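Participant: Sharing a structure below in structure tokens format, with a few things to ask.
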Amino acid sequence: MSSPKKRRILLIEDTVPLAKLYIEFLRADAHEVVHCTRGGEALDAAAEMPPDAVILDLKLPDMDGLEVLQALQARDASVSVVIITAHGSIDLAVEAMKLGAFDFIVKPFNADRLNLTLRNALERRTLARMVEGYRKDLDRGRFHGFIGSSPEMQAVYRTIESVASSRANVFITGESGTGKEVAAQAIHRASPRRDGAFVALNCAAIPKDLLESEIFGHVKGAFTGAAGDRPGAALLADGGTLFLDEICEMPFDLQSKLLRFVQTGTVSPVGSGREERVDVRFVAATNRDPLAEVQAGRFREDLYYRLHVIPLALPPLRDRGDDVIEIARFFLIDYAREEGKALSAFAPEVEARLRAHDWPGNVRQLQNVVRNIVVLHDGPQVTLDMLPPMGGPAIGGPDAGTSPCAACGSPAADAAAEDGAVQPLWLVEKDMIQKALRLTGDDVPRAALMLEISPSTIYRKLQQWRVAEARGAGETAA
Ligand SMILES: Nc1ncnc2c1ncn2[C@@H]1O[C@H](COP(=O)(O)OP(=O)(O)OP(=O)(O)O)[C@@H](O)[C@H]1O
Ligand SMILES: [Mg+2]
């Protein structure tokens with residue numbers, strides 16, 4: 001019954017000859033026994049090295065035994081305390097049981113009695129720990145910016161938690177919109193570097209010729225336009241976390257410079273010729289298959305292995321069961337508050353539809369669907385007729401990142417642009433909105449930021465174009 005692992009027993013007994021006898025008794029089970037004669041001393045020992053079980057004599061010279069019991073429990077709710085008591089003090093032992101002591105033994109007792117009680121106490125402790133662990137998992141519908149209680153996400157939370165404390169580099173993979181950036185931030189926030197900076201660098205969004213200086217910084221005059229010294233992301237992330245997003249998009253020649261940085265921990269700002277030491281933890285992410293990129297010769301194998309120390313794969317939303325509903329409900333409440341709408345729940349058939357959808361754009365697509373509903377509708381409940389066409393291009397369909405608005409594309413606009421002719425204003429606007437959506441991979445809030453308009457405006461426009469298209473009217477001056 002007792003675990004093969006050595007357990008730590010704290011024995012609190014002020015009569016030294018008795019303590020020696022008990023230690024002799026306990027030898028049979030080969031536990032590590034720490035003996036204290038005073039309550040205060042025992043609490044210090046427990047704080048320093050938490051015991052698995054405690055054997056406590058209630059009559060102590062410096063403290064009330066019940067107080068010691070309560071202090072031990074306050075520190076660790078699942079600690080098992082066995083009370084040892086003289087025949088005349090059974091009332092006190094019963095009192096201790098009421099306060100949560102595991103069991104009591106009346107003096108004098110033999111080795112078998114003590115060992116049996118202790119084994120039961122340790123067993124209870126193991127069970128209590130397991131229950132605590134399960135409850136913690138079930139309770140975890142939220143984790144550093146993530147929503148979702150599915151077993152798939154619990155595994156993600158556990159990985160993040162267990163790697164956060166180390167310095168090991170993490171490589172995050174997952175389809176677009178699965179939360180790779182959320183994961184990178186969670187790793188930073190759960191780590192001892194949380195007070196340092198989290199610096200995110202999107203290798204796909206920065207023009208290739210600027211990327212090196214963005215990472216390593218530059219000195220004044222390093223290239224045309226370098227008007228002054230500028231620290232790069234590496235230096236800004238010193239003491240913190242450097243998030244290399246879309247790492248597979250990094251140009252091949254820059255990859256070798258990055259490799260050097262990862263290997264040596266030193267960077268050389270462009271044009272400086274000097275080396276600077278920085279202390280960063282690397283988290284990289286991609287929605288590609290990185291090994292396939294290595295095999296295709298687009299991604300350096302040595303860099304891959306340097307960064308791919310701890311892999312973290314984010315499951316697609318369609319594999320997360322009821323997380324879809326949890327996330328949708330959260331954003332419904334959130335967006336309704338933002339937009340001043342009364343919507344607060346989904347009709348059951350709507351939830352069924354959300355649950356059954358395959359969400360190629362993952363959480364971002366779900367967010368967009370909910371935002372779309374909230375902007376365009378009101379009422380206490382979201383009904384089926386309010387759902388936008390979900391496979392549809394306007395909300396981040398399978399082709400997210402290529403042509404989000406393919407169905408409402410406007411060859412006319414392109415032709416006009418080539419002509420250099422003046423175009424109708426609505427066409428210019430539509431073109432620009434589509435461009436922003438394309439650039440942001442259908443991220444409406446981000447596109448809105450780029451266009452300096454509100455996301456609601458984009459959702460309304462998309463809706464108007466859809467309606468116009470359905471009517472076969474083609475373009476409208478919405
Ligand atoms: N489990 C989740 N719970 C709540 N919000 C989430 C969750 N996962 C992602 N999000 C939100 O979804 C959006 C997309 O997440 P994120 O940007 O981290 O995805 P990504 O995997 O980096 O996508 P991409 O590959 O397109 O860059 C963000 O607004 C993020 O806050
Ligand atoms: Mg991302």
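Residues in the structure tokens are named by chain (A, B, ... in the order shown) and by number from 1 within that chain; ligands are numbered from 1 in the order shown.
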Which residues are near A:Leu72? Cut-off 8 Å, only C-alpha atoms, ignore same chain within fewer than 6 positions. Put them as a list of chain:residue names.

Facilitator: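 Contacts, in chain order: A:Leu43, A:Ala46, A:Val79.
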
Participant: Residues within 12 Å of A:Asp91, please, as a VMD selection string. Count only C-alpha atoms; anything in the same chain fewer than 6 positions from it doesn't count.

Facilitator: chain A and resid 58 83 85 97 to 98 104 106

Participant: Could you dump the residues just selected with all heavy atoms as a PDB file, in the first residue's frame?

Facilitator:
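Writing the result to out.pdb gives the following:
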```pdb
ATOM      1  N   LEU A  58       0.128  16.310  21.089  1.00  0.00           N
ATOM      2  CA  LEU A  58      -0.589  17.574  21.308  1.00  0.00           C
ATOM      3  C   LEU A  58      -0.022  18.387  22.469  1.00  0.00           C
ATOM      4  O   LEU A  58      -0.253  19.596  22.552  1.00  0.00           O
ATOM      5  CB  LEU A  58      -2.074  17.297  21.532  1.00  0.00           C
ATOM      6  CG  LEU A  58      -2.868  16.881  20.285  1.00  0.00           C
ATOM      7  CD1 LEU A  58      -4.321  16.625  20.643  1.00  0.00           C
ATOM      8  CD2 LEU A  58      -2.788  17.936  19.191  1.00  0.00           C
ATOM      9  N   ILE A  83      -2.402  12.138  15.333  1.00  0.00           N
ATOM     10  CA  ILE A  83      -2.204  12.650  16.693  1.00  0.00           C
ATOM     11  C   ILE A  83      -1.758  11.506  17.607  1.00  0.00           C
ATOM     12  O   ILE A  83      -2.323  10.408  17.530  1.00  0.00           O
ATOM     13  CB  ILE A  83      -3.537  13.225  17.233  1.00  0.00           C
ATOM     14  CG1 ILE A  83      -4.081  14.320  16.295  1.00  0.00           C
ATOM     15  CG2 ILE A  83      -3.382  13.707  18.665  1.00  0.00           C
ATOM     16  CD1 ILE A  83      -3.243  15.556  16.204  1.00  0.00           C
ATOM     17  N   THR A  85      -1.481  10.653  21.646  1.00  0.00           N
ATOM     18  CA  THR A  85      -2.014  11.264  22.861  1.00  0.00           C
ATOM     19  C   THR A  85      -1.968  10.289  24.045  1.00  0.00           C
ATOM     20  O   THR A  85      -2.018   9.068  23.843  1.00  0.00           O
ATOM     21  CB  THR A  85      -3.464  11.746  22.611  1.00  0.00           C
ATOM     22  OG1 THR A  85      -3.964  12.327  23.791  1.00  0.00           O
ATOM     23  CG2 THR A  85      -4.358  10.592  22.226  1.00  0.00           C
ATOM     24  N   MET A  97      -9.397  15.736  15.798  1.00  0.00           N
ATOM     25  CA  MET A  97     -10.039  15.050  14.673  1.00  0.00           C
ATOM     26  C   MET A  97     -11.094  15.962  14.040  1.00  0.00           C
ATOM     27  O   MET A  97     -11.230  16.017  12.824  1.00  0.00           O
ATOM     28  CB  MET A  97     -10.715  13.758  15.138  1.00  0.00           C
ATOM     29  CG  MET A  97      -9.773  12.718  15.688  1.00  0.00           C
ATOM     30  SD  MET A  97      -8.812  11.925  14.401  1.00  0.00           S
ATOM     31  CE  MET A  97     -10.075  10.958  13.599  1.00  0.00           C
ATOM     32  N   LYS A  98     -11.828  16.645  14.908  1.00  0.00           N
ATOM     33  CA  LYS A  98     -12.857  17.544  14.388  1.00  0.00           C
ATOM     34  C   LYS A  98     -12.220  18.642  13.536  1.00  0.00           C
ATOM     35  O   LYS A  98     -12.832  19.151  12.595  1.00  0.00           O
ATOM     36  CB  LYS A  98     -13.642  18.195  15.544  1.00  0.00           C
ATOM     37  CG  LYS A  98     -14.664  17.262  16.159  1.00  0.00           C
ATOM     38  CD  LYS A  98     -15.533  18.057  17.110  1.00  0.00           C
ATOM     39  CE  LYS A  98     -16.293  17.135  18.060  1.00  0.00           C
ATOM     40  NZ  LYS A  98     -16.618  17.810  19.338  1.00  0.00           N
ATOM     41  N   PHE A 104      -5.985   9.264  15.439  1.00  0.00           N
ATOM     42  CA  PHE A 104      -5.156   9.400  16.627  1.00  0.00           C
ATOM     43  C   PHE A 104      -4.794   8.039  17.193  1.00  0.00           C
ATOM     44  O   PHE A 104      -5.517   7.055  17.011  1.00  0.00           O
ATOM     45  CB  PHE A 104      -5.810  10.309  17.684  1.00  0.00           C
ATOM     46  CG  PHE A 104      -7.029   9.735  18.346  1.00  0.00           C
ATOM     47  CD1 PHE A 104      -6.911   8.968  19.512  1.00  0.00           C
ATOM     48  CD2 PHE A 104      -8.302   9.969  17.839  1.00  0.00           C
ATOM     49  CE1 PHE A 104      -8.038   8.450  20.138  1.00  0.00           C
ATOM     50  CE2 PHE A 104      -9.425   9.449  18.462  1.00  0.00           C
ATOM     51  CZ  PHE A 104      -9.301   8.692  19.607  1.00  0.00           C
ATOM     52  N   VAL A 106      -3.451   6.173  20.847  1.00  0.00           N
ATOM     53  CA  VAL A 106      -3.287   6.387  22.285  1.00  0.00           C
ATOM     54  C   VAL A 106      -1.994   5.722  22.744  1.00  0.00           C
ATOM     55  O   VAL A 106      -1.702   4.577  22.373  1.00  0.00           O
ATOM     56  CB  VAL A 106      -4.499   5.810  23.051  1.00  0.00           C
ATOM     57  CG1 VAL A 106      -4.340   6.026  24.556  1.00  0.00           C
ATOM     58  CG2 VAL A 106      -5.783   6.461  22.539  1.00  0.00           C
TER      59      VAL A 106
END
```

Participant: What residues of the protein or nucleic acid chains come within 8 Å of ligand 1 when you use only C-alpha atoms and all ligand atoms? Reply as a PyMOL selection string.

Facilitator: chain A and resi 142+145-148+153+173-183+245-246+285-287+314+323+327+361-365+367+441

Participant: Distance atom CA of A:Arg193-atom CA of A:Arg281, one decimal place?

Facilitator: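 So the answer is 8.6 Å.
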
Participant: For the atom pair atom CA of A:Asp57 and atom CA of A:Glu13, what is the interatomic distance in Å to one decimal place?

Facilitator: 5.3 Å

Participant: In terms of the shortest atom-to-atom distance over only C-alpha atoms, which of A:Phe223, A:Tyr157, A:Tyr459, A:Tyr304 is closest to A:Gln434?

Facilitator: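 Answer, going by the shortest atom-to-atom distance: A:Tyr459.
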